[in-house]
Amino acid sequence: MIIKKENGKSEAMRPASGRRFKMIAKTMAGLEEILAEEVRGCGGDNVEVLKRAVSFEGDMRVLYRANYTCRTALSILRPFAEFEANDEQELYNQVNRIAWEKLMSIDSTFMIDSTTSGEIFTHSYYAALKTKDAIVDRFRKKFGRRPSIDTEHADYKFNLHIADNHVTLLQNSSGDSLHKRGYRQAVGIAPINEVLAAGMIKLAGWKCDCNFFDPMCGSGTILIEAAMLANNIPAQYYRGDNYSFMNWSEFNLGDWKMVKTEENRKIGQGDFDFEIWGNDIDEGVLRQAEQNLEYAKLHKDVMLFHGSFEDQNPPEGRCMIITNPPYGERIKIEDLNGMYSRLGDTFKRLYGEGCEVWLITSDFEAMKHIGLRPSRKIPLMNGPLDCRFMKFELYDGSRKASKQKAQDEQ
Ligand SMILES: C[S@@+](CC[C@H](N)C(=O)[O-])C[C@H]1O[C@@H](n2cnc3c(N)ncnc32)[C@H](O)[C@@H]1O
């Protein structure tokens with residue numbers, strides 16, 4: 001079904017199930033290529049990498065699958081109107097002409113997220129307010145009533161995107177951000193975002209073909225994302241059926257159930273036969289990790305240890321180590337440089353040929369003290385913090401030398 005703007009000036013599309021349409025999956029900076037691969041895996045066509053997003057085409061089933069399985073997507077949006085506006089009045093008029101009553105019911109709640117760039121619309125909040133006014137005025141004029149705003153749990157979420165005078169309106173099919181997986185029962189002081197954790201595991205190229213270890217696991221996000229990947233558990237398996245697309249008129253419950261059944265059938269199908277370990281110095285935060293793992297029924301898949309990273313006895317054999325140490329931002333450590341230096345020594349002493357260490361940090365000064373040369377540095381953002389995700393390859397040679405050094409020092 002195509003929604004025609006009443007004056008026919010702008011394009012608007014609203015496909016039925018089976019009909020293909022354009023979608024935008026949003027992600028974090030640095031994870032675009034990973035997301036593009038995930039979207040292809042969901043059956044998305046014409047995949048294009050954008051800034052912090054990926055555009056693609058598909059039908060409603062692709063939209064369901066992308067929401068349910070993409071580990072590195074924050075939301076899946078569907079553009080439905082595009083037009084030009086050179087001032088606030090023009091924005092109001094154009095928005096007011098859209099047949100919003102075909103997109104949402106009068107008894108529902110809605111909200112608008114906005115991003116603006118350029119010289120015309122300098123305050124995204126005002127652009128969103130103008131858009132909201134245009135929508136409710138249209139409802140009031142036609143029906144004498146209007147849908148309400150709910151900024152927390154709206155039935156319908158819309159994104160307003162303005163670049164200079166180019167306006168795009170999109171339906172947010174996900175509702176709550178997809179980083180809210182549903183397994184987090186307890187959080188530490190500085191939990192890493194689930195989407196970032198999953199993206200790091202994928203960027204590191206872990207193929208679930210060796211052991212996995214996070215020596216500073218906090219509330220266990222990286223471990224849980226690794227265990228979900230190893231067991232083929234869909235990203236939103238624990239979330240519950242709360243997606244905005246379920247309020248859309250073309251939502252098809254049968255298709256949605258079918259997509260979920262197909263994806264859930266893959267759980268445990270891989271033959272993952274390695275160990276996943278976590279460790280932290282803080283017993284309280286480890287209890288939170290335990291709670292989260294138990295909720296996700298992954299407590300038998302992941303072993304947790306209490307202690308400082310130096311005192312570990314890691315599993316034998318090849319190991320992927322991915323960790324998110326303190327940066328001195330939210331967790332205060334007295335001698336951060338010393339800690340990074342001990343961390344580097346520990347990696348050299350405990351891990352040999354075939355082991356890879358990846359760590360994310362925003363503390364570039366402390367990083368200089370790790371005493372290992374990164375073979376890759378990937379820029380990533382952890383919230384507002386500009387970080388580097390760094391890879392260190394370990395060799396038996398460095399392990400022997402480091403063990404000898406430790407013995408000599410005793
Ligand atoms: C940034 S947090 C990790 C957060 C974790 N990724 C999550 O999602 O909850 C860093 C963690 O390092 C731990 N830590 C600090 N010093 C440590 C040490 N010497 N040995 C082990 N863990 C340590 C802290 O207790 C904290 O939980």
# chains A, B, ... in the order shown; residues from 1 in each chain; ligands from 1
>>> residues_around(residues="Gly344 in chain A", least_positions_apart="6", cutoff="12 Å", atoms="only C-alpha atoms", output="count of residues only")
25
>>> select_by_dssp(residues="range 16-98 of chain A", states="strand (DSSP E)", output="list in words")
Phe21, Lys22, Met23, Ile24, Ala25, Lys26, Asp45, Asn46, Val47, Glu48, Val49, Leu50, Ala53, Val54, Ser55, Phe56, Glu57, Gly58, Ser75, Ile76, Leu77, Arg78, Pro79, Phe80, Ala81, Glu82, Phe83 and Glu84 of chain A
>>> write_last_selection(atoms="N, CA and C atoms", output="tab-separated table (two decimals), in the first residue's frame")
chain	number	residue	atom	x	y	z
A	21	PHE	N	10.66	-3.03	0.79
A	21	PHE	CA	10.81	-1.61	1.09
A	21	PHE	C	12.20	-1.36	1.64
A	22	LYS	N	12.54	-0.10	1.77
A	22	LYS	CA	13.86	0.26	2.25
A	22	LYS	C	13.86	0.32	3.78
A	23	MET	N	14.96	-0.11	4.38
A	23	MET	CA	15.10	-0.01	5.83
A	23	MET	C	16.47	0.58	6.17
A	24	ILE	N	16.56	1.15	7.35
A	24	ILE	CA	17.84	1.65	7.85
A	24	ILE	C	18.08	0.98	9.20
A	25	ALA	N	19.21	0.29	9.33
A	25	ALA	CA	19.56	-0.26	10.64
A	25	ALA	C	20.61	0.66	11.24
A	26	LYS	N	20.33	1.14	12.45
A	26	LYS	CA	21.30	2.04	13.09
A	26	LYS	C	22.24	1.26	13.99
A	45	ASP	N	18.67	-7.07	1.02
A	45	ASP	CA	19.30	-6.86	-0.31
A	45	ASP	C	19.76	-5.42	-0.43
A	46	ASN	N	20.56	-5.20	-1.48
A	46	ASN	CA	21.05	-3.84	-1.78
A	46	ASN	C	21.58	-3.16	-0.52
A	47	VAL	N	22.42	-3.88	0.18
A	47	VAL	CA	22.94	-3.38	1.47
A	47	VAL	C	23.99	-2.30	1.21
A	48	GLU	N	23.82	-1.18	1.86
A	48	GLU	CA	24.79	-0.09	1.72
A	48	GLU	C	25.24	0.38	3.09
A	49	VAL	N	26.55	0.56	3.22
A	49	VAL	CA	27.09	1.01	4.50
A	49	VAL	C	27.03	2.53	4.57
A	50	LEU	N	26.43	3.05	5.62
A	50	LEU	CA	26.33	4.50	5.83
A	50	LEU	C	27.08	4.85	7.11
A	53	ALA	N	25.20	3.50	10.34
A	53	ALA	CA	23.96	2.86	9.89
A	53	ALA	C	24.22	2.03	8.64
A	54	VAL	N	23.23	1.23	8.30
A	54	VAL	CA	23.29	0.41	7.08
A	54	VAL	C	21.91	0.52	6.45
A	55	SER	N	21.86	0.75	5.14
A	55	SER	CA	20.55	0.75	4.50
A	55	SER	C	20.41	-0.55	3.70
A	56	PHE	N	19.20	-1.02	3.59
A	56	PHE	CA	18.96	-2.28	2.87
A	56	PHE	C	17.50	-2.38	2.49
A	57	GLU	N	17.20	-3.41	1.69
A	57	GLU	CA	15.81	-3.63	1.27
A	57	GLU	C	15.36	-5.02	1.68
A	58	GLY	N	14.07	-5.14	1.86
A	58	GLY	CA	13.51	-6.44	2.21
A	58	GLY	C	12.04	-6.28	2.51
A	75	SER	N	18.59	-0.15	16.22
A	75	SER	CA	17.18	-0.07	15.85
A	75	SER	C	17.06	-0.30	14.35
A	76	ILE	N	15.86	-0.72	13.94
A	76	ILE	CA	15.59	-0.90	12.51
A	76	ILE	C	14.49	0.10	12.16
A	77	LEU	N	14.82	1.00	11.23
A	77	LEU	CA	13.89	2.07	10.87
A	77	LEU	C	13.38	1.88	9.46
A	78	ARG	N	12.17	2.41	9.23
A	78	ARG	CA	11.62	2.35	7.87
A	78	ARG	C	11.25	3.76	7.42
A	79	PRO	N	11.99	4.29	6.42
A	79	PRO	CA	11.65	5.64	5.94
A	79	PRO	C	10.29	5.62	5.25
A	80	PHE	N	9.46	6.63	5.51
A	80	PHE	CA	8.15	6.66	4.84
A	80	PHE	C	7.82	8.01	4.22
A	81	ALA	N	8.61	9.02	4.47
A	81	ALA	CA	8.34	10.30	3.82
A	81	ALA	C	9.63	11.10	3.69
A	82	GLU	N	9.76	11.74	2.56
A	82	GLU	CA	10.94	12.58	2.33
A	82	GLU	C	10.49	13.85	1.64
A	83	PHE	N	10.99	14.97	2.09
A	83	PHE	CA	10.63	16.24	1.45
A	83	PHE	C	11.64	17.31	1.82
A	84	GLU	N	11.47	18.48	1.21
A	84	GLU	CA	12.35	19.60	1.53
A	84	GLU	C	11.60	20.60	2.40
>>> residues_near_ligand(ligand="ligand 1", cutoff="8 Å", atoms="only C-alpha atoms and all ligand atoms", output="PyMOL selection string")
chain A and resi 187-194+197+215-222+279-282+285-286+289+306-310+323-327+330-331+333+339
>>> residues_around(residues="Leu229 in chain A", least_positions_apart="5", cutoff="10 Å", atoms="only C-alpha atoms", output="PyMOL selection string")
chain A and resi 71+198+201-202+206-208+223-224+234-235+267-268+270+272
>>> residues_around(residues="Ala204 in chain A", least_positions_apart="4", cutoff="9 Å", atoms="only C-alpha atoms", output="PyMOL selection string")
chain A and resi 199-200+320+322+356+358+391
>>> write_last_selection(atoms="N, CA and C atoms", output="mmCIF file, in the first residue's frame")
data_model
loop_
_atom_site.group_PDB
_atom_site.id
_atom_site.type_symbol
_atom_site.label_atom_id
_atom_site.label_comp_id
_atom_site.auth_asym_id
_atom_site.auth_seq_id
_atom_site.Cartn_x
_atom_site.Cartn_y
_atom_site.Cartn_z
ATOM 1 N N GLY A 199 29.644 -6.372 19.008
ATOM 2 C CA GLY A 199 30.420 -5.865 17.873
ATOM 3 C C GLY A 199 31.905 -6.139 18.069
ATOM 4 N N MET A 200 32.393 -5.983 19.301
ATOM 5 C CA MET A 200 33.813 -6.235 19.575
ATOM 6 C C MET A 200 34.153 -7.700 19.326
ATOM 7 N N MET A 320 40.793 -16.695 22.986
ATOM 8 C CA MET A 320 40.469 -15.314 22.594
ATOM 9 C C MET A 320 40.183 -14.551 23.878
ATOM 10 N N ILE A 322 39.029 -11.008 25.362
ATOM 11 C CA ILE A 322 38.469 -9.686 25.047
ATOM 12 C C ILE A 322 38.076 -9.035 26.362
ATOM 13 N N GLU A 356 45.030 -14.529 21.321
ATOM 14 C CA GLU A 356 44.864 -13.126 20.918
ATOM 15 C C GLU A 356 44.250 -12.361 22.060
ATOM 16 N N TRP A 358 42.365 -8.739 22.907
ATOM 17 C CA TRP A 358 41.773 -7.492 22.409
ATOM 18 C C TRP A 358 41.302 -6.706 23.626
ATOM 19 N N LYS A 391 44.333 -4.956 19.215
ATOM 20 C CA LYS A 391 44.654 -6.379 19.174
ATOM 21 C C LYS A 391 46.135 -6.596 19.484
#
